[in-house]
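Text of model-v3.csv, listed as CSV, C-alpha atoms:
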chain,number,residue,atom,x,y,z
O,236,MET,CA,80.2,-86.7,43.6
O,237,GLN,CA,76.8,-85.6,45.1
O,238,GLU,CA,73.9,-87.7,43.8
O,239,LYS,CA,71.4,-85.7,41.7
O,240,LYS,CA,68.0,-84.8,43.2
O,241,LEU,CA,64.9,-86.4,41.7
O,242,LEU,CA,63.5,-83.1,40.3
O,243,ASP,CA,66.9,-82.4,38.7
O,244,ILE,CA,66.9,-85.8,37.0
O,245,VAL,CA,63.3,-85.1,35.8
O,246,ARG,CA,64.4,-81.8,34.4
O,247,ASP,CA,67.4,-83.3,32.6
O,248,LYS,CA,65.3,-86.1,31.1
O,249,MET,CA,62.7,-83.6,29.8
O,250,ARG,CA,65.4,-81.5,28.2
O,251,LEU,CA,67.0,-84.6,26.6
O,252,LYS,CA,63.6,-85.4,25.1
O,253,HIS,CA,63.2,-81.7,24.0
O,254,TYR,CA,60.1,-80.8,26.0
O,255,SER,CA,59.2,-77.1,25.9
O,256,ILE,CA,60.3,-74.9,28.9
O,257,LYS,CA,56.6,-74.4,29.8
O,258,THR,CA,55.9,-78.1,29.9
O,259,GLU,CA,59.0,-78.6,31.9
O,260,GLN,CA,58.0,-76.1,34.5
O,261,SER,CA,54.5,-77.4,34.7
O,262,TYR,CA,55.5,-81.1,35.1
O,263,ILE,CA,58.1,-80.2,37.8
O,264,GLY,CA,55.5,-78.2,39.7
O,265,TRP,CA,53.0,-81.1,39.6
O,266,ILE,CA,55.6,-83.7,40.7
O,267,LYS,CA,56.6,-81.5,43.5
O,268,ARG,CA,53.0,-81.1,44.6
O,269,TYR,CA,52.4,-84.8,44.4
O,270,ILE,CA,55.4,-85.5,46.7
O,271,VAL,CA,54.5,-82.8,49.2
O,272,PHE,CA,50.9,-84.0,49.3
O,273,HIS,CA,52.2,-87.4,50.6
O,274,ASN,CA,54.4,-85.8,53.2
O,275,LYS,CA,57.5,-85.8,51.0
O,276,ARG,CA,57.6,-89.6,50.5
O,277,HIS,CA,59.7,-90.7,47.6
O,278,PRO,CA,57.6,-91.7,44.6
O,279,LYS,CA,59.3,-95.0,44.3
O,280,ASP,CA,57.7,-95.9,47.7
O,281,MET,CA,54.3,-95.0,46.4
O,282,GLY,CA,52.0,-96.3,43.7
O,283,LYS,CA,48.4,-96.7,42.4
O,284,MET,CA,46.7,-95.8,45.7
O,285,GLU,CA,48.7,-92.6,46.3
O,286,ILE,CA,48.3,-91.4,42.7
O,287,GLU,CA,44.5,-91.9,42.9
O,288,GLN,CA,44.3,-90.1,46.2
O,289,PHE,CA,46.3,-87.1,44.8
O,290,LEU,CA,44.2,-86.8,41.6
O,291,THR,CA,40.9,-87.2,43.4
O,292,TRP,CA,41.9,-84.5,45.9
O,293,GLN,CA,42.7,-82.2,43.0
O,294,ALA,CA,39.2,-82.8,41.6
O,295,VAL,CA,37.2,-82.7,44.8
O,296,GLU,CA,39.1,-80.2,47.1
O,297,ASN,CA,40.9,-78.0,44.6
O,298,ARG,CA,38.1,-78.2,42.0
O,299,VAL,CA,40.6,-78.2,39.1
O,300,SER,CA,39.4,-78.4,35.5
O,301,PRO,CA,39.6,-81.7,33.6
O,302,SER,CA,42.5,-80.4,31.5
O,303,THR,CA,44.4,-79.4,34.7
O,304,GLN,CA,43.8,-82.8,36.2
O,305,ASN,CA,45.0,-84.5,33.0
O,306,GLN,CA,48.1,-82.4,33.1
O,307,ALA,CA,48.8,-83.5,36.6
O,308,PHE,CA,48.3,-87.1,35.6
O,309,SER,CA,50.6,-86.7,32.6
O,310,ALA,CA,53.4,-85.3,34.8
O,311,ILE,CA,53.1,-88.2,37.2
O,312,LEU,CA,53.0,-90.7,34.3
O,313,PHE,CA,56.2,-89.2,33.0
O,314,LEU,CA,57.8,-89.5,36.4
O,315,TYR,CA,57.0,-93.2,36.8
O,316,LYS,CA,57.6,-94.3,33.2
O,317,GLU,CA,60.6,-92.2,32.2
O,318,ILE,CA,62.4,-91.7,35.5
O,319,LEU,CA,61.4,-94.7,37.7
O,320,GLY,CA,60.9,-97.2,34.9
O,321,VAL,CA,57.5,-98.2,36.2
O,322,ASP,CA,54.8,-99.4,33.7
O,323,MET,CA,51.5,-97.8,35.0
O,324,SER,CA,49.4,-99.4,32.3
O,325,GLU,CA,48.6,-102.3,34.6
O,326,TRP,CA,47.5,-100.1,37.5
O,327,ASN,CA,44.3,-98.9,35.9
O,328,ILE,CA,44.2,-95.6,37.8
O,329,GLN,CA,40.6,-94.9,39.0
O,330,ALA,CA,40.7,-91.4,40.4
O,331,LEU,CA,37.5,-89.3,40.6
O,332,ARG,CA,37.6,-87.3,37.5
O,333,ALA,CA,37.0,-83.6,37.4
O,334,LYS,CA,33.7,-82.8,35.6
O,335,GLU,CA,34.2,-81.6,32.1
O,336,ARG,CA,32.1,-78.7,31.0
O,337,LYS,CA,31.5,-77.9,27.3
O,338,HIS,CA,31.8,-74.2,26.8
O,339,ILE,CA,30.9,-72.3,23.7
O,340,PRO,CA,33.8,-69.9,23.0
O,341,VAL,CA,33.3,-66.2,23.5
O,342,VAL,CA,33.9,-64.2,20.3
O,343,LEU,CA,34.2,-60.6,19.4
O,344,THR,CA,32.4,-58.9,16.6
O,345,LYS,CA,34.5,-57.4,13.8
O,346,GLU,CA,33.9,-53.9,15.3
O,347,GLU,CA,35.0,-55.1,18.7
O,348,VAL,CA,38.2,-56.6,17.3
O,349,ASP,CA,38.9,-53.3,15.7
O,350,ARG,CA,38.3,-51.4,18.9
O,351,VAL,CA,40.6,-53.6,21.0
O,352,ILE,CA,43.4,-53.6,18.4
O,353,GLY,CA,43.0,-49.8,18.0
O,354,ASN,CA,43.9,-49.5,21.7
O,355,LEU,CA,47.1,-51.5,21.3
O,356,THR,CA,50.3,-49.9,20.1
O,357,GLY,CA,53.7,-50.8,18.6
O,358,ILE,CA,54.8,-54.5,18.5
O,359,TYR,CA,51.8,-55.6,20.6
O,360,GLN,CA,49.3,-54.3,18.1
O,361,LEU,CA,51.1,-56.0,15.2
O,362,ILE,CA,51.2,-59.3,17.1
O,363,VAL,CA,47.4,-59.2,17.7
O,364,TYR,CA,46.8,-58.2,14.1
O,365,LEU,CA,48.7,-61.3,13.0
O,366,MET,CA,46.9,-63.5,15.6
O,367,TYR,CA,43.5,-62.4,14.4
O,368,GLY,CA,44.5,-62.2,10.8
O,369,CYS,CA,45.7,-65.8,10.7
O,370,GLY,CA,43.8,-67.4,13.6
O,371,LEU,CA,47.0,-68.1,15.6
O,372,ARG,CA,47.4,-69.3,19.1
O,373,MET,CA,49.5,-66.9,21.2
O,374,ASN,CA,52.6,-69.2,21.3
O,375,GLU,CA,52.4,-69.8,17.6
O,376,ALA,CA,52.5,-66.1,16.9
O,377,LEU,CA,55.3,-65.4,19.4
O,378,ASN,CA,57.4,-68.3,18.1
O,379,ILE,CA,57.4,-67.1,14.5
O,380,ARG,CA,61.0,-66.6,13.1
O,381,LEU,CA,62.0,-64.4,10.2
O,382,LYS,CA,62.2,-67.4,7.9
O,383,ASP,CA,58.6,-68.2,8.5
O,384,ILE,CA,57.2,-65.1,6.7
O,385,ASP,CA,57.2,-65.6,2.9
O,386,PHE,CA,56.5,-62.2,1.4
O,387,GLY,CA,57.0,-63.6,-2.2
O,388,PHE,CA,54.1,-66.1,-1.9
O,389,ASP,CA,52.3,-64.2,0.9
O,390,LYS,CA,52.4,-67.1,3.3
O,391,VAL,CA,53.0,-67.6,7.0
O,392,TYR,CA,54.5,-70.9,8.0
O,393,ILE,CA,53.6,-72.5,11.4
O,394,TRP,CA,55.8,-75.3,12.5
O,395,ASN,CA,55.4,-77.9,15.3
O,396,SER,CA,52.1,-76.5,16.6
O,397,LYS,CA,50.0,-77.9,19.4
O,398,SER,CA,48.4,-80.5,17.0
O,399,LEU,CA,51.9,-81.3,15.7
O,400,LYS,CA,50.7,-80.4,12.2
O,401,ASP,CA,52.7,-77.9,10.2
O,402,ARG,CA,50.6,-75.6,8.1
O,403,THR,CA,50.7,-72.5,5.9
O,404,LEU,CA,48.3,-69.5,6.2
O,405,PRO,CA,47.6,-66.6,3.9
O,406,LEU,CA,49.6,-63.5,4.9
O,407,PRO,CA,47.1,-60.7,5.7
O,408,GLN,CA,47.8,-58.0,3.1
O,409,LYS,CA,46.7,-55.2,5.5
O,410,ILE,CA,49.8,-55.7,7.7
O,411,LYS,CA,52.3,-56.9,5.0
O,412,ASP,CA,54.2,-53.6,4.9
O,413,ARG,CA,54.3,-53.4,8.7
O,414,LEU,CA,55.7,-56.9,8.8
O,415,LYS,CA,58.4,-55.9,6.4
O,416,VAL,CA,59.3,-53.0,8.6
O,417,GLN,CA,59.4,-55.3,11.6
O,418,VAL,CA,61.8,-57.7,9.8
O,419,ASP,CA,64.1,-54.7,9.1
O,420,ILE,CA,64.0,-53.8,12.8
O,421,VAL,CA,64.9,-57.3,13.8
O,422,GLU,CA,67.7,-57.4,11.3
O,423,GLU,CA,69.2,-54.2,12.7
O,424,LEU,CA,68.7,-55.4,16.3
O,425,HIS,CA,70.5,-58.7,15.5
O,426,LYS,CA,73.4,-56.8,14.0
O,427,LYS,CA,73.8,-54.9,17.2
O,428,ASP,CA,73.6,-58.0,19.3
O,429,ILE,CA,76.3,-59.6,17.2
O,430,ALA,CA,78.5,-56.5,17.6
O,431,ASP,CA,77.9,-56.6,21.4
O,432,GLY,CA,79.1,-60.2,21.6
O,433,TYR,CA,75.6,-61.9,21.7
O,434,GLY,CA,73.3,-62.7,18.9
O,435,THR,CA,72.3,-66.3,19.6
O,436,VAL,CA,68.7,-67.5,19.7
O,437,TYR,CA,67.1,-70.7,21.0
O,438,LEU,CA,66.8,-73.4,18.4
O,439,PRO,CA,64.2,-76.2,18.6
O,440,TYR,CA,65.1,-79.8,19.2
O,441,ALA,CA,68.6,-80.9,18.2
O,442,LEU,CA,69.1,-78.3,15.5
O,443,GLU,CA,71.7,-76.4,17.7
O,444,LYS,CA,73.9,-79.5,17.7
O,445,LYS,CA,73.3,-80.4,14.1
O,446,TYR,CA,73.9,-76.8,12.9
O,447,PRO,CA,76.0,-75.1,15.6
O,448,ASN,CA,76.2,-71.8,13.7
O,449,ALA,CA,72.5,-71.5,12.9
O,450,LYS,CA,71.8,-69.9,16.3
O,451,PHE,CA,73.7,-66.8,15.0
O,452,GLU,CA,71.8,-66.6,11.7
O,453,THR,CA,69.4,-63.7,11.1
O,454,LYS,CA,66.7,-66.0,9.6
O,455,TRP,CA,66.3,-67.9,12.9
O,456,GLN,CA,65.7,-64.7,15.0
O,457,TYR,CA,62.2,-64.2,16.4
O,458,LEU,CA,59.9,-61.9,14.5
O,459,PHE,CA,58.7,-60.3,17.8
O,460,PRO,CA,61.8,-60.1,20.1
O,461,MET,CA,62.1,-58.8,23.6
O,462,ARG,CA,63.6,-55.4,24.1
O,463,ASN,CA,66.1,-56.7,26.6
O,464,LEU,CA,68.5,-59.6,26.4
O,465,PRO,CA,67.3,-62.0,29.1
O,466,LYS,CA,69.1,-65.0,30.6
O,467,ASP,CA,68.0,-68.2,28.9
O,468,PRO,CA,65.5,-70.1,31.2
O,469,LYS,CA,67.4,-73.3,30.5
O,470,GLY,CA,70.6,-71.8,31.8
O,471,GLU,CA,72.3,-71.5,28.4
O,472,GLY,CA,73.7,-68.0,28.6
O,473,VAL,CA,72.1,-64.7,27.4
O,474,ARG,CA,69.8,-64.9,24.3
O,475,ARG,CA,67.3,-62.7,22.5
O,476,HIS,CA,64.0,-64.3,23.3
O,477,HIS,CA,60.5,-63.4,22.0
O,478,VAL,CA,58.0,-61.1,23.7
O,479,HIS,CA,56.8,-62.7,26.9
O,480,GLU,CA,53.4,-64.2,27.0
O,481,LYS,CA,52.4,-62.4,30.2
O,482,THR,CA,53.4,-59.0,28.8
O,483,LEU,CA,51.3,-59.5,25.7
O,484,SER,CA,48.3,-60.7,27.8
O,485,ARG,CA,48.6,-57.7,30.0
O,486,ASN,CA,48.6,-55.4,27.0
O,487,ILE,CA,45.5,-57.1,25.6
O,488,LYS,CA,43.7,-56.8,28.9
O,489,GLN,CA,44.4,-53.1,29.2
O,490,ALA,CA,43.4,-52.5,25.5
O,491,SER,CA,40.1,-54.3,26.0
O,492,GLN,CA,39.4,-52.2,29.1
O,493,LYS,CA,40.2,-49.0,27.2
O,494,ALA,CA,37.9,-50.2,24.4
O,495,GLY,CA,35.0,-50.6,26.9
O,496,ILE,CA,34.7,-54.4,26.1
O,497,HIS,CA,33.0,-56.2,29.0
O,498,LYS,CA,33.6,-59.7,27.6
O,499,ARG,CA,36.6,-61.7,28.9
O,500,VAL,CA,39.2,-60.8,26.3
O,501,THR,CA,42.2,-63.1,26.2
O,502,SER,CA,44.7,-63.8,23.5
O,503,HIS,CA,42.7,-66.9,22.4
O,504,ILE,CA,39.5,-64.8,21.7
O,505,PHE,CA,41.1,-63.6,18.5
O,506,ARG,CA,41.5,-67.1,17.3
O,507,HIS,CA,37.9,-67.9,18.1
O,508,SER,CA,36.8,-64.7,16.4
O,509,TYR,CA,38.9,-65.5,13.3
O,510,ALA,CA,37.2,-68.9,12.9
O,511,THR,CA,33.7,-67.5,13.6
O,512,HIS,CA,34.1,-64.6,11.1
O,513,LEU,CA,35.3,-67.0,8.4
O,514,LEU,CA,32.3,-69.2,9.0
O,515,GLN,CA,30.0,-66.2,8.8
O,516,ASN,CA,31.6,-65.3,5.4
O,517,GLY,CA,30.8,-68.7,3.9
O,518,ILE,CA,34.2,-70.5,4.4
O,519,ASP,CA,33.5,-74.3,4.8
O,520,ILE,CA,34.2,-76.0,8.0
O,521,ARG,CA,36.9,-78.3,6.6
O,522,THR,CA,38.9,-75.4,5.3
O,523,ILE,CA,38.7,-73.7,8.7
O,524,GLN,CA,39.8,-76.9,10.3
O,525,GLU,CA,43.0,-76.9,8.2
O,526,LEU,CA,43.6,-73.2,8.8
O,527,LEU,CA,43.3,-73.7,12.5
O,528,GLY,CA,45.4,-76.9,12.5
O,529,HIS,CA,42.8,-78.9,14.4
O,530,LYS,CA,43.3,-82.7,14.3
O,531,SER,CA,39.6,-83.4,14.2
O,532,VAL,CA,36.8,-81.5,12.5
O,533,GLU,CA,34.8,-82.2,15.7
O,534,THR,CA,36.9,-79.6,17.5
O,535,THR,CA,36.2,-77.0,14.7
O,536,MET,CA,32.4,-77.8,14.8
O,537,VAL,CA,32.1,-75.7,18.0
O,538,TYR,CA,32.2,-72.6,15.8
O,539,THR,CA,29.0,-73.7,14.0
O,540,HIS,CA,27.3,-73.6,17.4
O,541,VAL,CA,28.6,-70.1,17.9
O,542,VAL,CA,27.1,-69.0,14.6
O,543,ALA,CA,23.9,-70.8,15.4
O,544,GLU,CA,23.7,-68.9,18.7
O,545,MET,CA,24.2,-65.6,16.9
O,546,ASN,CA,21.4,-66.5,14.4
O,547,ARG,CA,19.1,-67.4,17.3
O,548,GLU,CA,19.7,-63.9,18.7
O,549,LYS,CA,18.0,-62.5,15.5
O,550,VAL,CA,14.8,-64.2,16.6
O,551,LYS,CA,12.3,-61.6,17.9
O,552,SER,CA,10.4,-62.0,21.1
O,553,PRO,CA,6.6,-62.2,20.6
O,554,LEU,CA,6.5,-58.9,22.6
O,555,ASP,CA,8.5,-57.2,19.9
O,556,MET,CA,6.5,-58.5,17.0
Entire entry expressed as structure tokens:
Amino acid sequence: MQEKKLLDIVRDKMRLKHYSIKTEQSYIGWIKRYIVFHNKRHPKDMGKMEIEQFLTWQAVENRVSPSTQNQAFSAILFLYKEILGVDMSEWNIQALRAKERKHIPVVLTKEEVDRVIGNLTGIYQLIVYLMYGCGLRMNEALNIRLKDIDFGFDKVYIWNSKSLKDRTLPLPQKIKDRLKVQVDIVEELHKKDIADGYGTVYLPYALEKKYPNAKFETKWQYLFPMRNLPKDPKGEGVRRHHVHEKTLSRNIKQASQKAGIHKRVTSHIFRHSYATHLLQNGIDIRTIQELLGHKSVETTMVYTHVVAEMNREKVKSPLDM
């Protein structure tokens, strides 16, 4: 039997440990670049010096951001620790670090939010309404299942978020009826998929093995499904996945252009705007921290700077007094 290639072993290990498909693709990409950078030498023949050279080159020549450099390091760390069985803790990697810049997040006014959302249509408009109305990250909104919307208690449940903290959020009443219609649409779509011999959905972690029939259940279907039935990126047949991140981002960009907004409008700007508008309305910072799912209140404090900047803009120039 042919011996597995290194990157295939890395991929298998990541799937065994239930890493997300995006993290898997990112790590594979960084490990590949690390190997190519050193003229395709095998990582087992390289060590501390080669890792430092690669990370320093990323910071100096490629001018990557600190978060990107950290991601590259995490990928290499996974390779050596999980695949090659090497403990890197004794190596004390001393690569030149990318300079970290502290940015105050860009936010939209309430009127600007309304203008952008007004230029969206259909499912994309509803997704952005929910993102702004609950302060969700894009992946949190797209990964919502039917079971995560509680119309009885007016709650939205967010599981396994970036901070690994589960949380509940108030369901925006403005879109409650539209969400109910969306649930009905998904239910009918799922019935059709079942009739056509499909109807499965990706289940997180080991749930598919523990509950083999759950992947057919309506409650596990994504709230915002794709129109088409794509091939599963992990090679597990054809499944109904959620709306693609790039498609949503493209629709948001086009809507902001139509709205005449010259700020850089991304999906995350609605989360920033949510937090800022709550703060402006007198909601305390600790509550906002819990709603956003931040591990530390220090992360949430950045929005106090945003509001302070807005208040500073009210100061008149002596020329105008």
Anything within 12 Å of (58.6, -62.9, 22.2): list those residues as a PyMOL selection string, counting all atoms listed in the file and sticking to the file's coordinates.
chain O and resi 358-359+362+373-380+421+436-437+456-465+474-484
Those residues with C-alpha atoms, as a PDB file, keeping the file's coordinate frame please?
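Ended up saving to out15.pdb:
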ATOM      1  CA  ILE O 358      54.800 -54.500  18.500  1.00  0.00           C
ATOM      2  CA  TYR O 359      51.800 -55.600  20.600  1.00  0.00           C
ATOM      3  CA  ILE O 362      51.200 -59.300  17.100  1.00  0.00           C
ATOM      4  CA  MET O 373      49.500 -66.900  21.200  1.00  0.00           C
ATOM      5  CA  ASN O 374      52.600 -69.200  21.300  1.00  0.00           C
ATOM      6  CA  GLU O 375      52.400 -69.800  17.600  1.00  0.00           C
ATOM      7  CA  ALA O 376      52.500 -66.100  16.900  1.00  0.00           C
ATOM      8  CA  LEU O 377      55.300 -65.400  19.400  1.00  0.00           C
ATOM      9  CA  ASN O 378      57.400 -68.300  18.100  1.00  0.00           C
ATOM     10  CA  ILE O 379      57.400 -67.100  14.500  1.00  0.00           C
ATOM     11  CA  ARG O 380      61.000 -66.600  13.100  1.00  0.00           C
ATOM     12  CA  VAL O 421      64.900 -57.300  13.800  1.00  0.00           C
ATOM     13  CA  VAL O 436      68.700 -67.500  19.700  1.00  0.00           C
ATOM     14  CA  TYR O 437      67.100 -70.700  21.000  1.00  0.00           C
ATOM     15  CA  GLN O 456      65.700 -64.700  15.000  1.00  0.00           C
ATOM     16  CA  TYR O 457      62.200 -64.200  16.400  1.00  0.00           C
ATOM     17  CA  LEU O 458      59.900 -61.900  14.500  1.00  0.00           C
ATOM     18  CA  PHE O 459      58.700 -60.300  17.800  1.00  0.00           C
ATOM     19  CA  PRO O 460      61.800 -60.100  20.100  1.00  0.00           C
ATOM     20  CA  MET O 461      62.100 -58.800  23.600  1.00  0.00           C
ATOM     21  CA  ARG O 462      63.600 -55.400  24.100  1.00  0.00           C
ATOM     22  CA  ASN O 463      66.100 -56.700  26.600  1.00  0.00           C
ATOM     23  CA  LEU O 464      68.500 -59.600  26.400  1.00  0.00           C
ATOM     24  CA  PRO O 465      67.300 -62.000  29.100  1.00  0.00           C
ATOM     25  CA  ARG O 474      69.800 -64.900  24.300  1.00  0.00           C
ATOM     26  CA  ARG O 475      67.300 -62.700  22.500  1.00  0.00           C
ATOM     27  CA  HIS O 476      64.000 -64.300  23.300  1.00  0.00           C
ATOM     28  CA  HIS O 477      60.500 -63.400  22.000  1.00  0.00           C
ATOM     29  CA  VAL O 478      58.000 -61.100  23.700  1.00  0.00           C
ATOM     30  CA  HIS O 479      56.800 -62.700  26.900  1.00  0.00           C
ATOM     31  CA  GLU O 480      53.400 -64.200  27.000  1.00  0.00           C
ATOM     32  CA  LYS O 481      52.400 -62.400  30.200  1.00  0.00           C
ATOM     33  CA  THR O 482      53.400 -59.000  28.800  1.00  0.00           C
ATOM     34  CA  LEU O 483      51.300 -59.500  25.700  1.00  0.00           C
ATOM     35  CA  SER O 484      48.300 -60.700  27.800  1.00  0.00           C
TER      36      SER O 484
END
Looking at O:Leu406, O:Val351, O:Leu526, O:Ile518, which one is nearest to Ala494 (chain O), with distances taken over all atoms listed in the file?
O:Val351
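CA of Thr258 (chain O) to CA of Gln304 (chain O) spans 14.4 Å [interatomic distance, one decimal].
Of the residues under consideration (O:Met281, O:Val295, O:Ala490, O:Ile523), O:Ala490 shows the shortest atom-to-atom contact distance to Gly353 (chain O) when counting only C-alpha atoms.
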Would you mind telling me which residue in O:His507, O:His253, O:Lys415, O:Arg372 lies nearest to Ile393 (chain O) when using all atoms listed in the file?
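Looking only at the distances to Ile393 (chain O), the closest residue turns out to be O:Arg372.
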Using all atoms listed in the file for the distances, tell me which of O:Phe272, O:Lys248, O:Lys445, O:Val342 is nearest to Lys316 (chain O).
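Using all atoms listed in the file, the shortest distance to Lys316 (chain O) belongs to O:Lys248.
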Could you list, as a PDB file with C-alpha atoms, in the frame of the given file, every residue within 10 Å of His529 (chain O), counting only C-alpha atoms and ignoring same-chain residues fewer than 3 positions away?
ATOM      1  CA  SER O 396      52.100 -76.500  16.600  1.00  0.00           C
ATOM      2  CA  LYS O 397      50.000 -77.900  19.400  1.00  0.00           C
ATOM      3  CA  SER O 398      48.400 -80.500  17.000  1.00  0.00           C
ATOM      4  CA  LEU O 399      51.900 -81.300  15.700  1.00  0.00           C
ATOM      5  CA  LYS O 400      50.700 -80.400  12.200  1.00  0.00           C
ATOM      6  CA  ARG O 521      36.900 -78.300   6.600  1.00  0.00           C
ATOM      7  CA  ILE O 523      38.700 -73.700   8.700  1.00  0.00           C
ATOM      8  CA  GLN O 524      39.800 -76.900  10.300  1.00  0.00           C
ATOM      9  CA  GLU O 525      43.000 -76.900   8.200  1.00  0.00           C
ATOM     10  CA  LEU O 526      43.600 -73.200   8.800  1.00  0.00           C
ATOM     11  CA  VAL O 532      36.800 -81.500  12.500  1.00  0.00           C
ATOM     12  CA  GLU O 533      34.800 -82.200  15.700  1.00  0.00           C
ATOM     13  CA  THR O 534      36.900 -79.600  17.500  1.00  0.00           C
ATOM     14  CA  THR O 535      36.200 -77.000  14.700  1.00  0.00           C
TER      15      THR O 535
END
Give the answer as one residue: which of O:Ile318, O:Arg276, O:Ile384, O:Arg268 has the shortest atom-to-atom distance to Met249 (chain O), using all atoms listed in the file?
O:Ile318
Val321 (chain O) surroundings by all atoms listed in the file, 12 Å radius, close-in-sequence under 3 positions cut, as a VMD selection string
chain O and resid 278 to 283 311 to 318 324 to 326
Can I get the selected residues back with C-alpha atoms, as a short mmCIF file (atom, residue, chain, number, x, y, z; two decimals), keeping the file's coordinate frame?
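result-v3.cif, freshly written:
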data_model
loop_
_atom_site.label_atom_id
_atom_site.label_comp_id
_atom_site.auth_asym_id
_atom_site.auth_seq_id
_atom_site.Cartn_x
_atom_site.Cartn_y
_atom_site.Cartn_z
CA PRO O 278 57.60 -91.70 44.60
CA LYS O 279 59.30 -95.00 44.30
CA ASP O 280 57.70 -95.90 47.70
CA MET O 281 54.30 -95.00 46.40
CA GLY O 282 52.00 -96.30 43.70
CA LYS O 283 48.40 -96.70 42.40
CA ILE O 311 53.10 -88.20 37.20
CA LEU O 312 53.00 -90.70 34.30
CA PHE O 313 56.20 -89.20 33.00
CA LEU O 314 57.80 -89.50 36.40
CA TYR O 315 57.00 -93.20 36.80
CA LYS O 316 57.60 -94.30 33.20
CA GLU O 317 60.60 -92.20 32.20
CA ILE O 318 62.40 -91.70 35.50
CA SER O 324 49.40 -99.40 32.30
CA GLU O 325 48.60 -102.30 34.60
CA TRP O 326 47.50 -100.10 37.50
#
Here is a test: counting only C-alpha atoms, which residue of O:Gln288, O:Gln329, O:Gln492, O:Thr453 is nearest to Asp383 (chain O)?
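Among O:Gln288, O:Gln329, O:Gln492, O:Thr453, it is O:Thr453 that comes nearest to Asp383 (chain O).
Computed from the coordinates, the CA of His273 (chain O) to CA of Glu285 (chain O) distance equals 7.6 Å.
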Quick check, in Å to one decimal: how far apart do CA of Gly432 (chain O) and CA of Tyr254 (chain O) lie?
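Taking CA of Gly432 (chain O) as the start and CA of Tyr254 (chain O) as the end point, the length is 28.4 Å.
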If we count all atoms listed in the file and set the cut-off at 9 Å, which residues sit around Val348 (chain O), ignoring sequence neighbours fewer than 3 positions away in its own chain? Please answer as a VMD selection string.
chain O and resid 343 to 345 351 to 353 367 505 508
What's around Lys493 (chain O) at 12 Å? Count only C-alpha atoms, leave out sequence neighbours fewer than 6 positions away in its own chain, and write the answer as number ranges by chain.
O: 347, 350-355, 486-487, 500
Please provide the set of residues having any atom within 7 Å of Arg402 (chain O), restricted to only C-alpha atoms, with same-chain residues fewer than 6 positions apart removed, written as a count of residues only.
4
Give me region 372-384 of chain O with N, CA and C atoms filled in, as a compact mmCIF listing (two decimals), in the coordinates of the input.
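Once everything was written out, this is result07.txt:
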# COMPACT_ATOMS: atom_id res chain seq x y z
N ARG O 372 47.30 -69.26 17.67
CA ARG O 372 47.40 -69.30 19.10
C ARG O 372 48.54 -68.34 19.51
N MET O 373 48.52 -67.89 20.77
CA MET O 373 49.50 -66.90 21.20
C MET O 373 50.95 -67.47 20.99
N ASN O 374 51.19 -68.71 21.42
CA ASN O 374 52.60 -69.20 21.30
C ASN O 374 52.99 -69.43 19.88
N GLU O 375 52.03 -69.69 18.99
CA GLU O 375 52.40 -69.80 17.60
C GLU O 375 52.83 -68.47 17.01
N ALA O 376 52.13 -67.40 17.38
CA ALA O 376 52.50 -66.10 16.90
C ALA O 376 53.87 -65.65 17.45
N LEU O 377 54.07 -65.88 18.74
CA LEU O 377 55.30 -65.40 19.40
C LEU O 377 56.53 -66.25 18.92
N ASN O 378 56.32 -67.48 18.49
CA ASN O 378 57.40 -68.30 18.10
C ASN O 378 57.77 -68.22 16.59
N ILE O 379 57.11 -67.32 15.88
CA ILE O 379 57.40 -67.10 14.50
C ILE O 379 58.83 -66.55 14.31
N ARG O 380 59.61 -67.13 13.40
CA ARG O 380 61.00 -66.60 13.10
C ARG O 380 60.89 -65.86 11.76
N LEU O 381 61.94 -65.12 11.46
CA LEU O 381 62.00 -64.40 10.20
C LEU O 381 61.76 -65.25 9.00
N LYS O 382 62.32 -66.45 9.04
CA LYS O 382 62.20 -67.40 7.90
C LYS O 382 60.80 -67.88 7.66
N ASP O 383 59.92 -67.68 8.65
CA ASP O 383 58.60 -68.20 8.50
C ASP O 383 57.60 -67.28 7.82
N ILE O 384 58.07 -66.09 7.47
CA ILE O 384 57.20 -65.10 6.70
C ILE O 384 57.74 -65.12 5.28
